[in-house]
Amino acid sequence: MNKISFIGVNRLRDCLKGHLGYYLVLVLFSVSFFSCQTEKENNTPPNVLFIAIDDLRTELGCYGHPLVHSPNLDQIAKEGFLFKRHYVAVPTCGASRYSMLTGMLPQSKAHLKNQAIEEFISQQGEQERPESFVHQLRRNNYYTVGMGKIPHSADGLVYGYLEKPSETKEMPHSWDEFLFDFGKWGTGWNAFFGYADGSNRNDLKGQVKPYESADVPDEGYPDGLTANLAIKKLQELKERQQPFFMGVGFFKPHLPFTAPKKYWDLYDEATLQLSPAPDLPMNVHMASLNNNGEFNNYALGDEKATLEASLSDAYSRKLTHGYYACISYIDAQVGRLVAELKRLDLDKNTIIVVWGDHGWQLGDHRMWGKHTIFEQALNSTFILQMPGQKSHAKVINEIVSTVDIYPTILAACGITQPHPTDGESLLPLLEDAQANNWRNTAYSYFRNGISVRTDRYRLSQYYREETPTIELYDHLNDPFEKENIAAGYPAVVEELMPVLQKGNTGLYERK
């Protein structure tokens with residue numbers, strides 16, 4: 001019995017002693033009944049619409065970007081909670097998604113690879129400990145549907161880029177259904193690397209450009225087909241009368257930067273801003289950087305990216321143009337999906353999560369890609385909209401991690417967490433965006449390194465022969481990480497090193 005009902009019963013007892021008892025019986029019974037009905041409604045498990053967007057750094061209007069056209073994602077943020085400092089555990093697709101789905105930081109070097117889900121989940125029988133939070137939702141009467149890139153694979157199956165699809169499911173116990181429309185591309189991975197004419201990077205052995213602007217409708221590229229599929233499935237889920245989790249994974253703005261021409265036309269390329277940190281960071285060994293290998297897999301690019309020199313301004317703007325066009329293309333698909341959610345009157349009891357699986361370096365420090373433990377590779381989009389919270393929209397400035405998503409979703413769905421994770425529920429931050437007891441740290445791992453982000457600093461330690469192995473960046477004075485100041489601030493390094501070592505989960509021998 002809730003508080004209002006309890007008070008109503010006690011007042012009813014007292015009032016029956018007086019002359020007005022009869023009338024108050026009616027009034028208080030109505031109050032108590034309404035309260036119980038409200039409690040029953042509030043106890044209805046919420047649905048979850050989880051939208052994963054590949055390679056999406058915080059390059060949206062809601063994050064303060066002056067040029068990116070993202071009205072639909074901006075509206076979700078306006079009606080919900082925008083996390084400005086969310087950091088992924090690993091800046092590569094498969095490993096980041098493994099960490100998100102399991103709520104765990106990497107325990108071994110195998111957890112840093114794109115094959116992490118394949119190695120640690122795909123071949124396993126169902127066990128007492130759930131393979132993912134989606135699996136746990138399914139065990140608690142949720143109908144679970146995945147489509148697109150939620151785990152690492154483009155279509156939920158385990159096979160290599162150049163192989164035929166297998167029948168091995170990436171997450172065999174998590175989904176009631178896993179769907180994908182590969183259209184004219186034939187397979188999920190071909191669609192992932194697809195161009196408007198139905199060709200793909202795989203079959204063409206990399207002899208392709210890293211961008212394309214084709215005059216086609218949204219369905220002319222795979223993400224438009226995914227949006228269509230998701231809209232149709234929402235209509236079916238409406239009729240099930242069962243709480244659902246639907247994960248929708250969009251490909252763009254992952255390379256290649258391919259999007260319908262109308263989204264390219266939203267931008268004037270000549271006015272696009274270039275990276276504020278185009279040069280190599282000071283006091284850093286090249287081993288900390290990535291060599292643009294993924295980007296250079298697109299062999300017909302206008303220029304080859306190297307660490308020796310920056311790309312030309314003209315080509316940098318073209319690539320930035322492509323990245324922004326892809327964001328706007330995905331924003332439109334998200335808008336279609338959320339509009340359908342509202343049309344079906346499902347939005348009133350649906351949690352919406354928008355998550356970028358990691359950031360992306362748009363020429364920052366001469367890098368085009370992820371695969372480092374620098375800020376731009378780790379900071380990604382994270383927006384959370386809770387039903388009934390639209391009037392309490394907040395910007396969360398505290399530091400949060402991808403591993404916090406698992407406990408947050410379970411808590412929001414009223415499900416007891418079955419085992420400890422490395423994350424914490426974010427629900428207290430939704431109540432108080434500056435909760436005093438929040439840990440305010442996030443750990444990330446790559447390139448033989450561990451990095452911890454605190455409110456002011458990023459401290460990274462590399463386990464390698466090349467020096468320096470310690471990097472410290474002061475985000476108060478150097479938000480773009482232009483200079484490693486570790487050598488000049490030994491006291492700060494000494495203070496933060498125990499914090500960093502808390503994140504050494506067994507990957508490396510402690511020094």
# chains A, B, ... in the order shown; residues from 1 in each chain; ligands from 1
>>> residues_around(residues="A:Asp279", least_positions_apart="2", cutoff="9 Å", atoms="only C-alpha atoms", output="list in words")
Pro276, Ala277, Pro281, Met282, Leu307, Ala309, Ser310, Gly363, Asp364, His365, Arg366 and Lys482 of chain A
>>> closest_atom_pairs(of="stretch 210-286 of chain A", to="stretch 131-150 of chain A", cutoff="6 Å", atoms="only C-alpha atoms", output="CSV")
residue,atom,partner,partner_atom,distance
A:Pro243,CA,A:Tyr142,CA,5.1
A:Phe244,CA,A:Tyr143,CA,4.6
A:Phe245,CA,A:Thr144,CA,4.8
A:Met246,CA,A:Val145,CA,4.7
A:Gly247,CA,A:Gly146,CA,4.7
A:Val248,CA,A:Met147,CA,5.2
A:Gly249,CA,A:Lys149,CA,4.2
>>> residues_around(residues="A:Ala95", least_positions_apart="4", cutoff="8 Å", atoms="only C-alpha atoms", output="PDB file with N, CA, C and O atoms, in the first residue's frame")
ATOM      1  N   VAL A  90      36.282   0.668 -24.435  1.00  0.00           N
ATOM      2  CA  VAL A  90      37.245   0.284 -25.471  1.00  0.00           C
ATOM      3  C   VAL A  90      36.849   0.977 -26.777  1.00  0.00           C
ATOM      4  O   VAL A  90      35.703   0.865 -27.207  1.00  0.00           O
ATOM      5  N   PRO A  91      37.788   1.683 -27.434  1.00  0.00           N
ATOM      6  CA  PRO A  91      37.437   2.426 -28.645  1.00  0.00           C
ATOM      7  C   PRO A  91      37.518   1.602 -29.923  1.00  0.00           C
ATOM      8  O   PRO A  91      38.165   1.989 -30.904  1.00  0.00           O
ATOM      9  N   SER A  99      31.457  -4.703 -23.748  1.00  0.00           N
ATOM     10  CA  SER A  99      31.481  -4.046 -22.446  1.00  0.00           C
ATOM     11  C   SER A  99      30.115  -3.467 -22.098  1.00  0.00           C
ATOM     12  O   SER A  99      29.650  -3.572 -20.956  1.00  0.00           O
ATOM     13  N   HIS A 111      39.543  -9.230 -24.622  1.00  0.00           N
ATOM     14  CA  HIS A 111      38.373  -8.369 -24.465  1.00  0.00           C
ATOM     15  C   HIS A 111      38.534  -7.031 -25.182  1.00  0.00           C
ATOM     16  O   HIS A 111      37.592  -6.228 -25.204  1.00  0.00           O
ATOM     17  N   LEU A 112      39.705  -6.766 -25.740  1.00  0.00           N
ATOM     18  CA  LEU A 112      39.950  -5.518 -26.452  1.00  0.00           C
ATOM     19  C   LEU A 112      39.736  -5.653 -27.959  1.00  0.00           C
ATOM     20  O   LEU A 112      39.911  -4.697 -28.699  1.00  0.00           O
ATOM     21  N   LYS A 113      39.359  -6.840 -28.402  1.00  0.00           N
ATOM     22  CA  LYS A 113      39.258  -7.111 -29.834  1.00  0.00           C
ATOM     23  C   LYS A 113      37.811  -7.048 -30.321  1.00  0.00           C
ATOM     24  O   LYS A 113      36.863  -7.224 -29.541  1.00  0.00           O
ATOM     25  N   ASN A 114      37.648  -6.842 -31.611  1.00  0.00           N
ATOM     26  CA  ASN A 114      36.308  -6.852 -32.199  1.00  0.00           C
ATOM     27  C   ASN A 114      35.629  -8.207 -32.041  1.00  0.00           C
ATOM     28  O   ASN A 114      34.401  -8.300 -32.101  1.00  0.00           O
ATOM     29  N   GLN A 115      36.411  -9.261 -31.841  1.00  0.00           N
ATOM     30  CA  GLN A 115      35.854 -10.610 -31.720  1.00  0.00           C
ATOM     31  C   GLN A 115      35.477 -10.964 -30.283  1.00  0.00           C
ATOM     32  O   GLN A 115      35.217 -12.137 -29.978  1.00  0.00           O
ATOM     33  N   ALA A 116      35.432  -9.999 -29.381  1.00  0.00           N
ATOM     34  CA  ALA A 116      35.181 -10.296 -27.967  1.00  0.00           C
ATOM     35  C   ALA A 116      33.854 -11.028 -27.757  1.00  0.00           C
ATOM     36  O   ALA A 116      33.781 -12.013 -27.006  1.00  0.00           O
ATOM     37  N   ILE A 117      32.800 -10.568 -28.414  1.00  0.00           N
ATOM     38  CA  ILE A 117      31.496 -11.218 -28.245  1.00  0.00           C
ATOM     39  C   ILE A 117      31.547 -12.631 -28.799  1.00  0.00           C
ATOM     40  O   ILE A 117      31.043 -13.579 -28.172  1.00  0.00           O
TER      41      ILE A 117
END
>>> closest_atom_pairs(of="stretch 373-471 of chain A", to="stretch 349-354 of chain A", cutoff="12 Å", atoms="only C-alpha atoms", output="JSON lines")
{"residue": "A:Ser380", "atom": "CA", "partner": "A:Val354", "partner_atom": "CA", "distance": 10.3}
{"residue": "A:Thr381", "atom": "CA", "partner": "A:Val354", "partner_atom": "CA", "distance": 7.2}
{"residue": "A:Phe382", "atom": "CA", "partner": "A:Val354", "partner_atom": "CA", "distance": 5.6}
{"residue": "A:Ile383", "atom": "CA", "partner": "A:Val354", "partner_atom": "CA", "distance": 5.0}
{"residue": "A:Leu384", "atom": "CA", "partner": "A:Val353", "partner_atom": "CA", "distance": 4.8}
{"residue": "A:Gln385", "atom": "CA", "partner": "A:Ile352", "partner_atom": "CA", "distance": 5.0}
{"residue": "A:Met386", "atom": "CA", "partner": "A:Ile351", "partner_atom": "CA", "distance": 4.9}
{"residue": "A:Pro387", "atom": "CA", "partner": "A:Asn349", "partner_atom": "CA", "distance": 5.3}
{"residue": "A:Gly388", "atom": "CA", "partner": "A:Asn349", "partner_atom": "CA", "distance": 7.8}
{"residue": "A:Gln389", "atom": "CA", "partner": "A:Ile351", "partner_atom": "CA", "distance": 10.0}
{"residue": "A:Lys390", "atom": "CA", "partner": "A:Ile351", "partner_atom": "CA", "distance": 11.2}
{"residue": "A:Thr402", "atom": "CA", "partner": "A:Val354", "partner_atom": "CA", "distance": 11.8}
{"residue": "A:Ile405", "atom": "CA", "partner": "A:Val353", "partner_atom": "CA", "distance": 9.3}
{"residue": "A:Tyr406", "atom": "CA", "partner": "A:Val353", "partner_atom": "CA", "distance": 11.7}
{"residue": "A:Thr408", "atom": "CA", "partner": "A:Val353", "partner_atom": "CA", "distance": 10.8}
{"residue": "A:Ile409", "atom": "CA", "partner": "A:Ile351", "partner_atom": "CA", "distance": 8.7}
{"residue": "A:Leu410", "atom": "CA", "partner": "A:Ile351", "partner_atom": "CA", "distance": 11.4}
{"residue": "A:Ala411", "atom": "CA", "partner": "A:Ile351", "partner_atom": "CA", "distance": 11.8}
{"residue": "A:Ala412", "atom": "CA", "partner": "A:Ile351", "partner_atom": "CA", "distance": 8.4}
{"residue": "A:Cys413", "atom": "CA", "partner": "A:Ile351", "partner_atom": "CA", "distance": 9.0}
>>> write_last_selection(atoms="N, CA, C and O atoms", output="PDB file, in the first residue's frame")
ATOM      1  N   SER A 380      31.659   9.687 -26.365  1.00  0.00           N
ATOM      2  CA  SER A 380      30.641   9.425 -27.382  1.00  0.00           C
ATOM      3  C   SER A 380      29.266   9.858 -26.898  1.00  0.00           C
ATOM      4  O   SER A 380      29.055  10.144 -25.717  1.00  0.00           O
ATOM      5  N   THR A 381      28.350   9.886 -27.831  1.00  0.00           N
ATOM      6  CA  THR A 381      26.970  10.305 -27.539  1.00  0.00           C
ATOM      7  C   THR A 381      26.281   9.326 -26.602  1.00  0.00           C
ATOM      8  O   THR A 381      26.365   8.111 -26.771  1.00  0.00           O
ATOM      9  N   PHE A 382      25.591   9.872 -25.621  1.00  0.00           N
ATOM     10  CA  PHE A 382      24.756   9.065 -24.727  1.00  0.00           C
ATOM     11  C   PHE A 382      23.596   9.929 -24.258  1.00  0.00           C
ATOM     12  O   PHE A 382      23.793  10.950 -23.600  1.00  0.00           O
ATOM     13  N   ILE A 383      22.394   9.536 -24.643  1.00  0.00           N
ATOM     14  CA  ILE A 383      21.164  10.251 -24.290  1.00  0.00           C
ATOM     15  C   ILE A 383      20.193   9.240 -23.714  1.00  0.00           C
ATOM     16  O   ILE A 383      20.049   8.133 -24.244  1.00  0.00           O
ATOM     17  N   LEU A 384      19.514   9.618 -22.662  1.00  0.00           N
ATOM     18  CA  LEU A 384      18.574   8.726 -21.993  1.00  0.00           C
ATOM     19  C   LEU A 384      17.265   9.472 -21.756  1.00  0.00           C
ATOM     20  O   LEU A 384      17.256  10.535 -21.129  1.00  0.00           O
ATOM     21  N   GLN A 385      16.182   8.945 -22.304  1.00  0.00           N
ATOM     22  CA  GLN A 385      14.865   9.545 -22.083  1.00  0.00           C
ATOM     23  C   GLN A 385      14.001   8.562 -21.311  1.00  0.00           C
ATOM     24  O   GLN A 385      13.800   7.420 -21.740  1.00  0.00           O
ATOM     25  N   MET A 386      13.510   9.005 -20.167  1.00  0.00           N
ATOM     26  CA  MET A 386      12.698   8.161 -19.301  1.00  0.00           C
ATOM     27  C   MET A 386      11.228   8.552 -19.429  1.00  0.00           C
ATOM     28  O   MET A 386      10.904   9.741 -19.467  1.00  0.00           O
ATOM     29  N   PRO A 387      10.317   7.591 -19.483  1.00  0.00           N
ATOM     30  CA  PRO A 387       8.895   7.954 -19.548  1.00  0.00           C
ATOM     31  C   PRO A 387       8.483   8.744 -18.312  1.00  0.00           C
ATOM     32  O   PRO A 387       8.878   8.431 -17.192  1.00  0.00           O
ATOM     33  N   GLY A 388       7.709   9.800 -18.543  1.00  0.00           N
ATOM     34  CA  GLY A 388       7.264  10.629 -17.434  1.00  0.00           C
ATOM     35  C   GLY A 388       8.277  11.650 -16.972  1.00  0.00           C
ATOM     36  O   GLY A 388       8.022  12.405 -16.043  1.00  0.00           O
ATOM     37  N   GLN A 389       9.446  11.735 -17.630  1.00  0.00           N
ATOM     38  CA  GLN A 389      10.501  12.642 -17.196  1.00  0.00           C
ATOM     39  C   GLN A 389      10.716  13.816 -18.145  1.00  0.00           C
ATOM     40  O   GLN A 389      11.666  14.553 -17.992  1.00  0.00           O
ATOM     41  N   LYS A 390       9.856  13.970 -19.113  1.00  0.00           N
ATOM     42  CA  LYS A 390      10.113  14.956 -20.157  1.00  0.00           C
ATOM     43  C   LYS A 390      10.213  16.377 -19.615  1.00  0.00           C
ATOM     44  O   LYS A 390      10.925  17.199 -20.170  1.00  0.00           O
ATOM     45  N   THR A 402      30.316   3.570 -20.189  1.00  0.00           N
ATOM     46  CA  THR A 402      29.445   2.627 -20.874  1.00  0.00           C
ATOM     47  C   THR A 402      29.012   1.479 -19.959  1.00  0.00           C
ATOM     48  O   THR A 402      27.891   0.975 -20.096  1.00  0.00           O
ATOM     49  N   ILE A 405      25.531   1.387 -18.214  1.00  0.00           N
ATOM     50  CA  ILE A 405      24.260   1.201 -18.923  1.00  0.00           C
ATOM     51  C   ILE A 405      23.541  -0.053 -18.433  1.00  0.00           C
ATOM     52  O   ILE A 405      22.314  -0.037 -18.219  1.00  0.00           O
ATOM     53  N   TYR A 406      24.258  -1.156 -18.262  1.00  0.00           N
ATOM     54  CA  TYR A 406      23.651  -2.419 -17.806  1.00  0.00           C
ATOM     55  C   TYR A 406      22.866  -2.231 -16.510  1.00  0.00           C
ATOM     56  O   TYR A 406      21.642  -2.493 -16.471  1.00  0.00           O
ATOM     57  N   THR A 408      21.828   0.428 -15.098  1.00  0.00           N
ATOM     58  CA  THR A 408      20.810   1.473 -15.218  1.00  0.00           C
ATOM     59  C   THR A 408      19.529   0.933 -15.843  1.00  0.00           C
ATOM     60  O   THR A 408      18.421   1.187 -15.352  1.00  0.00           O
ATOM     61  N   ILE A 409      19.657   0.185 -16.926  1.00  0.00           N
ATOM     62  CA  ILE A 409      18.470  -0.345 -17.602  1.00  0.00           C
ATOM     63  C   ILE A 409      17.741  -1.332 -16.707  1.00  0.00           C
ATOM     64  O   ILE A 409      16.509  -1.301 -16.591  1.00  0.00           O
ATOM     65  N   LEU A 410      18.481  -2.214 -16.042  1.00  0.00           N
ATOM     66  CA  LEU A 410      17.815  -3.169 -15.154  1.00  0.00           C
ATOM     67  C   LEU A 410      17.088  -2.445 -14.031  1.00  0.00           C
ATOM     68  O   LEU A 410      15.947  -2.785 -13.696  1.00  0.00           O
ATOM     69  N   ALA A 411      17.722  -1.456 -13.425  1.00  0.00           N
ATOM     70  CA  ALA A 411      17.079  -0.715 -12.334  1.00  0.00           C
ATOM     71  C   ALA A 411      15.846   0.019 -12.824  1.00  0.00           C
ATOM     72  O   ALA A 411      14.803   0.027 -12.160  1.00  0.00           O
ATOM     73  N   ALA A 412      15.935   0.632 -14.005  1.00  0.00           N
ATOM     74  CA  ALA A 412      14.793   1.366 -14.549  1.00  0.00           C
ATOM     75  C   ALA A 412      13.636   0.442 -14.887  1.00  0.00           C
ATOM     76  O   ALA A 412      12.468   0.853 -14.873  1.00  0.00           O
ATOM     77  N   CYS A 413      13.950  -0.816 -15.195  1.00  0.00           N
ATOM     78  CA  CYS A 413      12.911  -1.805 -15.509  1.00  0.00           C
ATOM     79  C   CYS A 413      12.449  -2.571 -14.273  1.00  0.00           C
ATOM     80  O   CYS A 413      11.626  -3.486 -14.396  1.00  0.00           O
TER      81      CYS A 413
END
>>> residues_around(residues="stretch 488-492 of chain A", least_positions_apart="3", cutoff="12 Å", atoms="only C-alpha atoms", output="JSON, numbers by chain")
{"A": [283, 454, 456, 457, 458, 459, 470, 471, 472, 473, 474, 483, 484, 485, 495, 496, 497, 498, 499]}
>>> closest_residue(among="A:Val208, A:Ala487, A:Ile53, A:Ala214", to="A:Ala196", atoms="only C-alpha atoms")
A:Ala214
>>> select_by_dssp(residues="stretch 436-495 of chain A", states="strand (DSSP E or B)", output="MDAnalysis selection string")
chainID A and resid 442:446 449:453 457:462 470:474 483
>>> write_last_selection(atoms="C-alpha atoms", output="PDB file, in the first residue's frame")
ATOM      1  CA  ALA A 442      35.706   6.356 -16.325  1.00  0.00           C
ATOM      2  CA  TYR A 443      38.282   3.788 -17.457  1.00  0.00           C
ATOM      3  CA  SER A 444      39.279   3.033 -21.028  1.00  0.00           C
ATOM      4  CA  TYR A 445      41.735   0.586 -22.606  1.00  0.00           C
ATOM      5  CA  PHE A 446      43.620   0.236 -25.900  1.00  0.00           C
ATOM      6  CA  GLY A 449      47.328   1.344 -22.303  1.00  0.00           C
ATOM      7  CA  ILE A 450      44.883   2.168 -19.526  1.00  0.00           C
ATOM      8  CA  SER A 451      43.352   5.622 -19.213  1.00  0.00           C
ATOM      9  CA  VAL A 452      41.244   7.153 -16.476  1.00  0.00           C
ATOM     10  CA  ARG A 453      39.163  10.288 -17.005  1.00  0.00           C
ATOM     11  CA  TYR A 457      42.408  15.239 -15.913  1.00  0.00           C
ATOM     12  CA  ARG A 458      43.037  12.321 -18.203  1.00  0.00           C
ATOM     13  CA  LEU A 459      45.858  10.079 -16.989  1.00  0.00           C
ATOM     14  CA  SER A 460      47.059   7.276 -19.259  1.00  0.00           C
ATOM     15  CA  GLN A 461      49.650   4.591 -18.611  1.00  0.00           C
ATOM     16  CA  TYR A 462      51.118   2.423 -21.382  1.00  0.00           C
ATOM     17  CA  ILE A 470      52.760   8.137 -18.709  1.00  0.00           C
ATOM     18  CA  GLU A 471      50.564  10.824 -20.233  1.00  0.00           C
ATOM     19  CA  LEU A 472      48.654  13.506 -18.342  1.00  0.00           C
ATOM     20  CA  TYR A 473      46.260  15.997 -19.910  1.00  0.00           C
ATOM     21  CA  ASP A 474      44.711  18.926 -18.073  1.00  0.00           C
ATOM     22  CA  GLU A 483      50.311  18.503 -24.655  1.00  0.00           C
TER      23      GLU A 483
END
>>> closest_residue(among="A:Pro66, A:Pro420, A:Gly198, A:Pro222", to="A:Ala154", atoms="only C-alpha atoms")
A:Pro222
>>> closest_residue(among="A:Pro165, A:Pro172, A:Gly301, A:Pro278", to="A:Glu126", atoms="only C-alpha atoms")
A:Pro172
>>> closest_residue(among="A:Asp181, A:Asp155, A:Glu509, A:Glu398", to="A:Leu82", atoms="only C-alpha atoms")
A:Glu398
>>> atom_distance(atom1="atom CA of A:Ile415", atom2="atom CA of A:Thr44")
12.1 Å
>>> closest_residue(among="A:Thr505, A:Ser174, A:Asn228, A:Gln124", to="A:Ala332", atoms="only C-alpha atoms")
A:Asn228
>>> select_by_dssp(residues="stretch 93-314 of chain A", states="helix (DSSP H, G or I)", output="ChimeraX atom specification")
/A:93-102,109-112,116-122,133-139,183-185,188-192,218-220,222-238,261-264,269-271,286-288,293-296,313-314
>>> residues_around(residues="A:Asp54", least_positions_apart="5", cutoff="12 Å", atoms="only C-alpha atoms", output="PyMOL selection string")
chain A and resi 91-94+96-97+148-154+192+223+248-257+323+326-327+330+354-360+369-370+380-381
>>> write_last_selection(atoms="N, CA, C and O atoms", output="compact mmCIF listing (two decimals), in the first residue's frame")
# COMPACT_ATOMS: atom_id res chain seq x y z
N PRO A 91 37.79 1.68 -27.43
CA PRO A 91 37.44 2.43 -28.64
C PRO A 91 37.52 1.60 -29.92
O PRO A 91 38.16 1.99 -30.90
N THR A 92 36.86 0.44 -29.91
CA THR A 92 36.67 -0.34 -31.13
C THR A 92 35.33 -1.03 -31.01
O THR A 92 34.88 -1.36 -29.89
N CYS A 93 34.67 -1.26 -32.13
CA CYS A 93 33.24 -1.61 -32.13
C CYS A 93 32.90 -2.82 -31.28
O CYS A 93 32.09 -2.75 -30.35
N GLY A 94 33.48 -3.98 -31.61
CA GLY A 94 33.08 -5.22 -30.94
C GLY A 94 33.35 -5.21 -29.46
O GLY A 94 32.51 -5.63 -28.65
N SER A 96 33.77 -2.58 -27.46
CA SER A 96 32.93 -1.59 -26.78
C SER A 96 31.52 -2.12 -26.55
O SER A 96 30.93 -1.94 -25.48
N ARG A 97 31.00 -2.83 -27.53
CA ARG A 97 29.65 -3.38 -27.41
C ARG A 97 29.62 -4.54 -26.41
O ARG A 97 28.63 -4.70 -25.68
N GLY A 148 20.11 -4.93 -36.98
CA GLY A 148 21.27 -4.12 -37.29
C GLY A 148 22.41 -4.41 -36.33
O GLY A 148 22.52 -5.50 -35.76
N LYS A 149 23.26 -3.43 -36.14
CA LYS A 149 24.50 -3.64 -35.38
C LYS A 149 24.30 -3.29 -33.91
O LYS A 149 24.56 -2.17 -33.47
N ILE A 150 23.85 -4.28 -33.14
CA ILE A 150 23.77 -4.14 -31.68
C ILE A 150 24.98 -4.84 -31.07
O ILE A 150 25.79 -4.19 -30.41
N PRO A 151 25.17 -6.16 -31.27
CA PRO A 151 26.50 -6.70 -31.02
C PRO A 151 27.42 -6.27 -32.16
O PRO A 151 27.08 -5.34 -32.91
N HIS A 152 28.54 -6.90 -32.35
CA HIS A 152 29.48 -6.41 -33.37
C HIS A 152 29.03 -6.71 -34.79
O HIS A 152 29.20 -5.90 -35.70
N SER A 153 28.45 -7.88 -35.02
CA SER A 153 28.08 -8.27 -36.37
C SER A 153 26.97 -7.38 -36.91
O SER A 153 26.12 -6.89 -36.17
N ALA A 154 27.00 -7.19 -38.22
CA ALA A 154 25.98 -6.35 -38.85
C ALA A 154 24.60 -6.98 -38.84
O ALA A 154 23.59 -6.29 -38.97
N PHE A 192 27.03 -3.39 -44.61
CA PHE A 192 27.75 -2.49 -43.70
C PHE A 192 28.76 -1.64 -44.47
O PHE A 192 28.93 -0.46 -44.18
N ASP A 223 20.79 1.77 -43.83
CA ASP A 223 20.15 2.27 -42.62
C ASP A 223 18.70 2.69 -42.83
O ASP A 223 17.89 2.64 -41.90
N VAL A 248 18.05 -1.28 -31.96
CA VAL A 248 18.17 -0.91 -33.37
C VAL A 248 19.57 -0.33 -33.58
O VAL A 248 19.91 0.71 -33.01
N GLY A 249 20.38 -1.01 -34.39
CA GLY A 249 21.75 -0.58 -34.61
C GLY A 249 21.97 0.01 -35.99
O GLY A 249 21.84 -0.69 -37.00
N PHE A 250 22.25 1.31 -36.04
CA PHE A 250 22.49 1.99 -37.32
C PHE A 250 24.00 1.99 -37.62
O PHE A 250 24.83 2.09 -36.73
N PHE A 251 24.35 1.88 -38.91
CA PHE A 251 25.74 1.77 -39.35
C PHE A 251 26.48 3.11 -39.37
O PHE A 251 27.63 3.20 -38.99
N LYS A 252 25.83 4.11 -39.93
CA LYS A 252 26.51 5.39 -40.10
C LYS A 252 26.55 6.13 -38.76
O LYS A 252 25.69 5.91 -37.91
N PRO A 253 27.56 6.98 -38.54
CA PRO A 253 28.52 7.51 -39.52
C PRO A 253 29.82 6.72 -39.66
O PRO A 253 30.87 7.30 -39.99
N HIS A 254 29.79 5.41 -39.40
CA HIS A 254 30.98 4.58 -39.66
C HIS A 254 31.37 4.69 -41.13
O HIS A 254 30.52 4.85 -42.00
N LEU A 255 32.68 4.58 -41.38
CA LEU A 255 33.15 4.50 -42.76
C LEU A 255 32.49 3.35 -43.51
O LEU A 255 32.21 2.32 -42.90
N PRO A 256 32.25 3.48 -44.81
CA PRO A 256 32.45 4.67 -45.63
C PRO A 256 31.37 5.72 -45.37
O PRO A 256 30.24 5.37 -45.01
N PHE A 257 31.72 6.98 -45.54
CA PHE A 257 30.77 8.07 -45.31
C PHE A 257 29.81 8.14 -46.50
O PHE A 257 29.96 8.97 -47.41
N TYR A 323 31.07 12.90 -42.88
CA TYR A 323 30.72 12.47 -41.53
C TYR A 323 29.44 13.17 -41.06
O TYR A 323 28.53 12.54 -40.52
N CYS A 326 26.33 11.87 -42.84
CA CYS A 326 25.91 10.58 -42.29
C CYS A 326 25.17 10.76 -40.97
O CYS A 326 24.19 10.06 -40.69
N ILE A 327 25.62 11.70 -40.14
CA ILE A 327 24.92 11.97 -38.88
C ILE A 327 23.49 12.43 -39.18
O ILE A 327 22.53 11.97 -38.56
N ILE A 330 21.27 9.55 -40.30
CA ILE A 330 20.83 8.71 -39.18
C ILE A 330 19.84 9.46 -38.30
O ILE A 330 18.85 8.89 -37.81
N VAL A 354 19.96 6.39 -26.54
CA VAL A 354 20.76 6.64 -27.75
C VAL A 354 22.22 6.56 -27.33
O VAL A 354 22.66 7.29 -26.43
N TRP A 355 22.97 5.67 -27.99
CA TRP A 355 24.35 5.40 -27.57
C TRP A 355 25.27 5.31 -28.78
O TRP A 355 24.99 4.58 -29.73
N GLY A 356 26.36 6.06 -28.74
CA GLY A 356 27.42 5.92 -29.72
C GLY A 356 28.47 4.96 -29.19
O GLY A 356 28.91 5.11 -28.05
N ASP A 357 28.87 3.97 -29.99
CA ASP A 357 29.73 2.91 -29.44
C ASP A 357 31.15 3.38 -29.16
O ASP A 357 31.91 2.70 -28.47
N HIS A 358 31.54 4.53 -29.67
CA HIS A 358 32.79 5.21 -29.33
C HIS A 358 32.85 6.49 -30.12
O HIS A 358 31.95 6.79 -30.92
N GLY A 359 33.88 7.28 -29.90
CA GLY A 359 34.04 8.50 -30.66
C GLY A 359 34.78 8.25 -31.97
O GLY A 359 34.87 7.11 -32.45
N TRP A 360 35.31 9.31 -32.53
CA TRP A 360 36.03 9.21 -33.81
C TRP A 360 36.88 10.46 -33.96
O TRP A 360 36.42 11.57 -33.69
N GLY A 369 39.92 8.21 -37.38
CA GLY A 369 39.47 6.92 -36.87
C GLY A 369 39.38 6.94 -35.36
O GLY A 369 39.38 7.99 -34.72
N LYS A 370 39.29 5.74 -34.79
CA LYS A 370 39.25 5.61 -33.33
C LYS A 370 40.55 4.92 -32.91
O LYS A 370 41.63 5.38 -33.27
N SER A 380 31.66 9.69 -26.36
CA SER A 380 30.64 9.43 -27.38
C SER A 380 29.27 9.86 -26.90
O SER A 380 29.06 10.14 -25.72
N THR A 381 28.35 9.89 -27.83
CA THR A 381 26.97 10.30 -27.54
C THR A 381 26.28 9.33 -26.60
O THR A 381 26.36 8.11 -26.77
